[in-house]
$ cat protein-v6.cif   # mmCIF, C-alpha atoms
data_structure
#
loop_
_atom_site.group_PDB
_atom_site.id
_atom_site.type_symbol
_atom_site.label_atom_id
_atom_site.label_comp_id
_atom_site.auth_asym_id
_atom_site.auth_seq_id
_atom_site.Cartn_x
_atom_site.Cartn_y
_atom_site.Cartn_z
ATOM 1 C CA MET A 271 -41.582 14.593 -102.554
ATOM 2 C CA LYS A 272 -40.815 11.768 -104.975
ATOM 3 C CA GLU A 273 -40.744 8.307 -103.471
ATOM 4 C CA LYS A 274 -37.422 6.483 -103.525
ATOM 5 C CA GLN A 275 -38.372 2.942 -102.579
ATOM 6 C CA ARG A 276 -36.630 0.070 -104.298
ATOM 7 C CA VAL A 277 -38.492 -1.353 -107.291
ATOM 8 C CA THR A 278 -37.986 -4.475 -109.390
ATOM 9 C CA GLN A 279 -36.775 -4.531 -112.979
ATOM 10 C CA GLY A 280 -40.261 -5.461 -114.153
ATOM 11 C CA GLU A 281 -41.732 -2.519 -112.284
ATOM 12 C CA ILE A 282 -39.137 -0.222 -113.833
ATOM 13 C CA GLU A 283 -40.241 -1.214 -117.335
ATOM 14 C CA SER A 284 -43.873 -0.820 -116.292
ATOM 15 C CA ARG A 285 -43.069 2.691 -115.105
ATOM 16 C CA ARG A 286 -41.442 3.501 -118.434
ATOM 17 C CA GLN A 287 -44.594 2.452 -120.263
ATOM 18 C CA ARG A 288 -46.670 4.522 -117.850
ATOM 19 C CA ALA A 289 -44.363 7.487 -118.438
ATOM 20 C CA LEU A 290 -44.973 7.210 -122.187
ATOM 21 C CA ALA A 291 -48.715 7.455 -121.578
ATOM 22 C CA VAL A 292 -48.188 10.390 -119.217
ATOM 23 C CA ALA A 293 -46.111 12.105 -121.923
ATOM 24 C CA GLU A 294 -49.177 12.191 -124.178
ATOM 25 C CA GLN A 295 -51.264 13.750 -121.414
ATOM 26 C CA CYS A 296 -48.568 16.331 -120.738
ATOM 27 C CA ALA A 297 -48.329 17.187 -124.432
ATOM 28 C CA GLU A 298 -52.077 17.765 -124.626
ATOM 29 C CA LEU A 299 -52.008 20.094 -121.615
ATOM 30 C CA LEU A 300 -48.977 22.015 -122.891
ATOM 31 C CA LYS A 301 -50.572 22.576 -126.284
ATOM 32 C CA GLN A 302 -54.101 23.396 -125.174
ATOM 33 C CA ARG A 303 -53.415 25.422 -122.028
ATOM 34 C CA PHE A 304 -50.054 27.014 -122.816
ATOM 35 C CA GLY A 305 -50.011 27.086 -126.616
ATOM 36 C CA ALA A 306 -46.947 24.918 -127.207
ATOM 37 C CA LYS A 307 -46.299 24.310 -130.903
ATOM 38 C CA ARG A 308 -44.607 20.956 -130.446
ATOM 39 C CA VAL A 309 -44.018 18.592 -127.531
ATOM 40 C CA ILE A 310 -41.593 15.733 -128.189
ATOM 41 C CA PRO A 311 -40.604 13.051 -125.658
ATOM 42 C CA PHE A 312 -36.961 12.037 -125.885
ATOM 43 C CA GLY A 313 -34.191 10.344 -123.980
ATOM 44 C CA SER A 314 -34.420 7.274 -121.794
ATOM 45 C CA VAL A 315 -38.221 6.996 -121.918
ATOM 46 C CA LEU A 316 -37.837 6.144 -125.629
ATOM 47 C CA GLY A 317 -34.980 3.727 -125.007
ATOM 48 C CA GLU A 318 -32.273 6.191 -126.095
ATOM 49 C CA GLY A 319 -30.562 5.826 -122.734
ATOM 50 C CA PRO A 320 -30.884 3.904 -119.478
ATOM 51 C CA TRP A 321 -34.333 4.041 -117.888
ATOM 52 C CA HIS A 322 -34.207 3.343 -114.161
ATOM 53 C CA GLU A 323 -36.160 3.999 -110.999
ATOM 54 C CA ALA A 324 -34.975 7.621 -110.739
ATOM 55 C CA SER A 325 -35.346 8.563 -114.422
ATOM 56 C CA ASP A 326 -37.107 11.771 -115.426
ATOM 57 C CA LEU A 327 -39.568 12.203 -118.272
ATOM 58 C CA ASP A 328 -37.810 14.494 -120.757
ATOM 59 C CA LEU A 329 -40.064 16.569 -123.013
ATOM 60 C CA ALA A 330 -38.759 18.972 -125.652
ATOM 61 C CA VAL A 331 -41.164 21.905 -125.952
ATOM 62 C CA GLU A 332 -41.334 24.482 -128.731
ATOM 63 C CA GLY A 333 -43.023 27.863 -128.548
ATOM 64 C CA LEU A 334 -43.086 28.658 -124.819
ATOM 65 C CA SER A 335 -41.379 31.461 -122.924
ATOM 66 C CA SER A 336 -39.224 30.785 -119.875
ATOM 67 C CA GLN A 337 -42.045 31.941 -117.593
ATOM 68 C CA ALA A 338 -44.564 29.715 -119.375
ATOM 69 C CA LEU A 339 -42.227 26.738 -119.006
ATOM 70 C CA TRP A 340 -41.917 27.452 -115.293
ATOM 71 C CA ASP A 341 -45.695 27.716 -114.865
ATOM 72 C CA ALA A 342 -46.250 24.585 -116.945
ATOM 73 C CA GLU A 343 -43.846 22.491 -114.872
ATOM 74 C CA ARG A 344 -45.738 23.434 -111.723
ATOM 75 C CA GLN A 345 -49.069 22.398 -113.252
ATOM 76 C CA LEU A 346 -47.658 19.154 -114.599
ATOM 77 C CA GLU A 347 -46.665 18.111 -111.081
ATOM 78 C CA ALA A 348 -50.351 17.520 -110.351
ATOM 79 C CA LEU A 349 -50.734 15.403 -113.489
ATOM 80 C CA VAL A 350 -47.860 12.942 -113.155
ATOM 81 C CA PRO A 351 -47.502 10.062 -110.657
ATOM 82 C CA PRO A 352 -45.468 10.789 -107.494
ATOM 83 C CA TRP A 353 -42.455 8.751 -108.630
ATOM 84 C CA LEU A 354 -42.019 10.686 -111.889
ATOM 85 C CA LYS A 355 -40.469 14.101 -112.489
ATOM 86 C CA VAL A 356 -41.046 15.938 -115.773
ATOM 87 C CA ASP A 357 -38.172 17.926 -117.251
ATOM 88 C CA LEU A 358 -39.256 20.449 -119.899
ATOM 89 C CA VAL A 359 -36.508 21.375 -122.360
ATOM 90 C CA PRO A 360 -37.013 24.394 -124.673
ATOM 91 C CA LEU A 361 -36.336 23.094 -128.166
ATOM 92 C CA GLU A 362 -35.234 26.520 -129.392
ATOM 93 C CA ARG A 363 -32.350 26.682 -126.914
ATOM 94 C CA VAL A 364 -30.829 23.202 -127.010
ATOM 95 C CA TYR A 365 -27.473 22.534 -128.651
ATOM 96 C CA PRO A 366 -27.575 21.539 -132.351
ATOM 97 C CA GLU A 367 -26.458 17.964 -131.651
ATOM 98 C CA VAL A 368 -29.196 17.495 -129.062
ATOM 99 C CA ARG A 369 -31.799 19.088 -131.319
ATOM 100 C CA ALA A 370 -30.847 16.768 -134.185
ATOM 101 C CA SER A 371 -31.166 13.767 -131.889
ATOM 102 C CA ILE A 372 -34.561 14.894 -130.563
ATOM 103 C CA LEU A 373 -35.927 15.512 -134.046
ATOM 104 C CA GLY A 374 -34.522 12.264 -135.400
ATOM 105 C CA GLY A 375 -32.279 14.035 -137.863
ATOM 106 C CA ARG A 376 -29.185 12.071 -136.935
ATOM 107 C CA PRO A 377 -29.607 8.307 -136.511
ATOM 108 C CA MET A 378 -27.361 6.495 -134.056
ATOM 109 C CA PRO A 379 -25.129 3.620 -135.259
ATOM 110 C CA GLU A 380 -26.638 0.171 -134.749
ATOM 111 C CA ASN A 381 -23.434 -1.072 -133.123
ATOM 112 C CA ARG A 382 -23.868 -0.391 -129.402
ATOM 113 C CA TYR A 383 -20.228 0.585 -128.900
ATOM 114 C CA LEU A 384 -20.214 3.010 -131.819
ATOM 115 C CA ALA A 385 -23.504 4.432 -130.542
ATOM 116 C CA LEU A 386 -21.936 4.887 -127.110
ATOM 117 C CA LYS A 387 -18.958 6.647 -128.684
ATOM 118 C CA ALA A 388 -21.236 9.020 -130.615
ATOM 119 C CA ARG A 389 -23.333 9.842 -127.544
ATOM 120 C CA LEU A 390 -20.283 10.442 -125.365
ATOM 121 C CA GLU A 391 -18.807 12.753 -127.991
ATOM 122 C CA ASP A 392 -22.058 14.742 -127.966
ATOM 123 C CA GLU A 393 -21.953 14.959 -124.176
ATOM 124 C CA LEU A 394 -18.343 16.185 -124.216
ATOM 125 C CA ILE A 395 -19.216 18.879 -126.751
ATOM 126 C CA GLY A 396 -22.093 19.907 -124.514
ATOM 127 C CA LEU A 397 -19.829 20.056 -121.458
ATOM 128 C CA GLU A 398 -17.370 22.284 -123.303
ATOM 129 C CA ARG A 399 -20.178 24.683 -124.180
ATOM 130 C CA ILE A 400 -21.421 24.706 -120.595
ATOM 131 C CA VAL A 401 -17.942 25.575 -119.342
ATOM 132 C CA ARG A 402 -17.625 28.406 -121.868
ATOM 133 C CA GLY A 403 -21.050 29.701 -120.872
ATOM 134 C CA LEU A 404 -20.139 29.518 -117.196
ATOM 135 C CA ASP A 405 -16.901 31.423 -117.793
ATOM 136 C CA ALA A 406 -18.817 34.168 -119.600
ATOM 137 C CA ALA A 407 -21.479 34.283 -116.879
ATOM 138 C CA LEU A 408 -18.826 34.563 -114.164
ATOM 139 C CA GLU A 409 -17.208 37.466 -115.980
ATOM 140 C CA ARG A 410 -20.539 39.282 -116.311
ATOM 141 C CA ALA A 411 -21.530 38.584 -112.702
ATOM 142 C CA GLY A 412 -18.497 40.291 -111.217
ATOM 143 C CA ALA A 413 -17.268 39.957 -107.651
ATOM 144 C CA GLU A 414 -20.721 40.240 -106.045
ATOM 145 C CA PRO A 415 -23.353 38.571 -108.264
ATOM 146 C CA ASP A 416 -26.990 39.441 -107.621
ATOM 147 C CA GLU A 417 -29.705 36.826 -107.077
ATOM 148 C CA PHE A 418 -30.448 36.467 -110.787
ATOM 149 C CA ALA A 419 -26.776 35.930 -111.634
ATOM 150 C CA THR A 420 -26.376 33.470 -108.771
ATOM 151 C CA ARG A 421 -29.284 31.394 -110.046
ATOM 152 C CA ALA A 422 -27.816 31.440 -113.547
ATOM 153 C CA LEU A 423 -24.420 30.309 -112.266
ATOM 154 C CA ALA A 424 -26.018 27.532 -110.223
ATOM 155 C CA SER A 425 -27.890 26.388 -113.327
ATOM 156 C CA TYR A 426 -24.617 26.050 -115.234
ATOM 157 C CA VAL A 427 -23.111 23.980 -112.422
ATOM 158 C CA ASP A 428 -26.190 21.759 -112.320
ATOM 159 C CA ASP A 429 -26.113 21.295 -116.101
ATOM 160 C CA PHE A 430 -22.433 20.383 -115.922
ATOM 161 C CA TYR A 431 -22.991 17.581 -113.435
ATOM 162 C CA LYS A 432 -26.054 16.339 -115.300
ATOM 163 C CA GLY A 433 -23.862 15.953 -118.379
ATOM 164 C CA CYS A 434 -21.254 14.059 -116.364
ATOM 165 C CA GLY A 435 -24.022 11.922 -114.902
ATOM 166 C CA ARG A 436 -25.343 11.001 -118.340
ATOM 167 C CA ILE A 437 -21.836 9.942 -119.363
ATOM 168 C CA CYS A 438 -21.660 7.671 -116.315
ATOM 169 C CA GLU A 439 -25.091 6.185 -116.999
ATOM 170 C CA ARG A 440 -24.355 5.459 -120.652
ATOM 171 C CA VAL A 441 -21.026 3.812 -119.838
ATOM 172 C CA ALA A 442 -22.580 1.743 -117.050
ATOM 173 C CA VAL A 443 -25.467 0.458 -119.151
ATOM 174 C CA THR A 444 -23.385 -0.299 -122.251
ATOM 175 C CA LEU A 445 -20.290 -1.775 -120.610
ATOM 176 C CA ASP A 446 -21.057 -2.766 -117.018
ATOM 177 C CA GLY A 447 -24.349 -4.665 -117.307
ATOM 178 C CA GLY A 448 -24.186 -8.065 -115.665
ATOM 179 C CA PRO A 449 -26.326 -10.985 -114.510
ATOM 180 C CA SER A 450 -26.654 -9.927 -110.862
ATOM 181 C CA ALA A 451 -29.978 -8.520 -109.691
ATOM 182 C CA SER A 452 -28.422 -5.222 -108.672
ATOM 183 C CA LEU A 453 -26.496 -4.683 -111.903
ATOM 184 C CA ARG A 454 -28.664 -6.160 -114.639
ATOM 185 C CA THR A 455 -28.587 -2.785 -116.357
ATOM 186 C CA GLY A 456 -25.129 -1.873 -115.081
ATOM 187 C CA LEU A 457 -26.630 0.780 -112.807
ATOM 188 C CA PRO A 458 -26.577 0.755 -109.005
ATOM 189 C CA ARG A 459 -29.906 0.896 -107.208
ATOM 190 C CA GLY A 460 -31.326 2.662 -104.188
ATOM 191 C CA GLU A 461 -31.571 6.190 -102.824
ATOM 192 C CA ARG A 462 -27.831 6.906 -103.099
ATOM 193 C CA TRP A 463 -27.424 5.530 -106.599
ATOM 194 C CA HIS A 464 -25.871 8.786 -107.895
ATOM 195 C CA GLN A 465 -23.050 8.470 -105.385
ATOM 196 C CA ALA A 466 -22.656 4.744 -106.047
ATOM 197 C CA LEU A 467 -22.569 5.302 -109.809
ATOM 198 C CA LEU A 468 -19.808 7.867 -109.508
ATOM 199 C CA GLY A 469 -17.831 5.430 -107.372
ATOM 200 C CA GLN A 470 -18.454 2.710 -109.966
ATOM 201 C CA MET A 471 -16.914 4.939 -112.635
ATOM 202 C CA GLY A 472 -13.803 5.263 -110.482
ATOM 203 C CA GLU A 473 -13.203 1.515 -110.725
ATOM 204 C CA SER A 474 -12.595 -0.954 -113.541
ATOM 205 C CA GLY A 475 -15.801 -2.266 -115.067
ATOM 206 C CA GLY A 476 -17.235 -4.889 -117.357
ATOM 207 C CA GLY A 477 -15.339 -6.172 -120.366
ATOM 208 C CA GLY A 478 -12.033 -4.831 -119.108
ATOM 209 C CA ARG A 479 -13.262 -1.237 -118.964
ATOM 210 C CA PRO A 480 -10.679 0.992 -117.271
ATOM 211 C CA PRO A 481 -11.783 3.572 -114.694
ATOM 212 C CA VAL A 482 -13.561 6.501 -116.337
ATOM 213 C CA PHE A 483 -12.512 8.946 -113.619
ATOM 214 C CA GLY A 484 -9.753 8.754 -111.079
ATOM 215 C CA GLY A 485 -7.786 10.583 -108.437
ATOM 216 C CA SER A 486 -8.518 14.253 -107.915
ATOM 217 C CA LEU A 487 -11.016 14.366 -110.799
ATOM 218 C CA LEU A 488 -13.232 11.826 -109.056
ATOM 219 C CA LEU A 489 -13.138 13.891 -105.866
ATOM 220 C CA GLU A 490 -13.959 17.081 -107.757
ATOM 221 C CA LEU A 491 -16.929 15.453 -109.488
ATOM 222 C CA ASP A 492 -18.189 14.259 -106.130
ATOM 223 C CA GLU A 493 -18.196 17.890 -104.995
ATOM 224 C CA TYR A 494 -20.400 18.747 -107.987
ATOM 225 C CA ARG A 495 -22.680 15.852 -107.052
ATOM 226 C CA ARG A 496 -22.997 17.170 -103.502
ATOM 227 C CA PHE A 497 -23.838 20.633 -104.828
ATOM 228 C CA ARG A 498 -26.557 19.235 -107.054
#
$ encode --input "protein-v6.cif" --output "structure tokens"
Amino acid sequence: MKEKQRVTQGEIESRRQRALAVAEQCAELLKQRFGAKRVIPFGSVLGEGPWHEASDLDLAVEGLSSQALWDAERQLEALVPPWLKVDLVPLERVYPEVRASILGGRPMPENRYLALKARLEDELIGLERIVRGLDAALERAGAEPDEFATRALASYVDDFYKGCGRICERVAVTLDGGPSASLRTGLPRGERWHQALLGQMGESGGGGRPPVFGGSLLLELDEYRRFR
């Protein structure tokens, strides 16, 4: 089980640097033992999003089957430190916008607010695709889905909340960062930070930011969070 103790901002940056070194070790194992064609770190470990005490190490992997990815994740658990979780993303199956970002084919604007706008637009496109995929999966599953269909449906729900969570994180870091120790990056801290972050998005934030979510939508998203 991953540890969830509170860490300082300096330790968080130290962990990010350690995660970068671990990414190289993971890439070597994935290529030599499993035959991956490419392994590309992306996301918050490279500074493309908020890196915090609960961040995962995201690795885009090309050339592995679903079973190989599953087996690889289990072996990588023995390689990484206990506070770090590795998330392997098959490069062949990501959305075009995400693929372009991973491969560096679409640079982000230098202006932080325009960059936030571009990233949020990508997330919203991704959420729309997840919803369409979930609708199609529900139709195929029928009234009594089997175990395979149930796992697929659960994966869609998990992906949906992850997308919502990334929206919250990006807004918090870009707009809500402040001088206090607990909000230097705009993100809440501690074991229940997911719940606190969602609550933060239901309130006004830094720079006159209006609430991102409100009313029944906030309650519905909290149900997704509980499911996850």
$ resolve_selection --input "protein-v6.cif" --expression "the PyMOL selection byres ((chain A and resi 422) around 12)" --output "ChimeraX atom specification"
/A:400,403-408,410-411,415-421,423-429
$ resolve_selection --input "protein-v6.cif" --expression "the PyMOL selection byres ((chain A and resi 357) around 7)" --output "list in words"
Asp326, Leu327, Asp328, Leu329, Lys355, Val356, Leu358 and Val359 of chain A
$ closest_residue --input "protein-v6.cif" --among "A:Cys434, A:Leu445, A:Leu373, A:Leu299" --to "Glu490 of chain A" --atoms "all atoms listed in the file"
A:Cys434
$ closest_residue --input "protein-v6.cif" --among "A:Val292, A:Val315, A:Leu488, A:Val401" --to "Gly472 of chain A" --atoms "only C-alpha atoms"
A:Leu488
$ resolve_selection --input "protein-v6.cif" --expression "the PyMOL selection byres ((chain A and resi 365) around 12)" --output "list in words"
Val359, Pro360, Leu361, Glu362, Arg363, Val364, Pro366, Glu367, Val368, Arg369, Ala370, Ser371, Ile372, Asp392, Glu393, Leu394, Ile395, Gly396, Leu397, Glu398, Arg399 and Ile400 of chain A
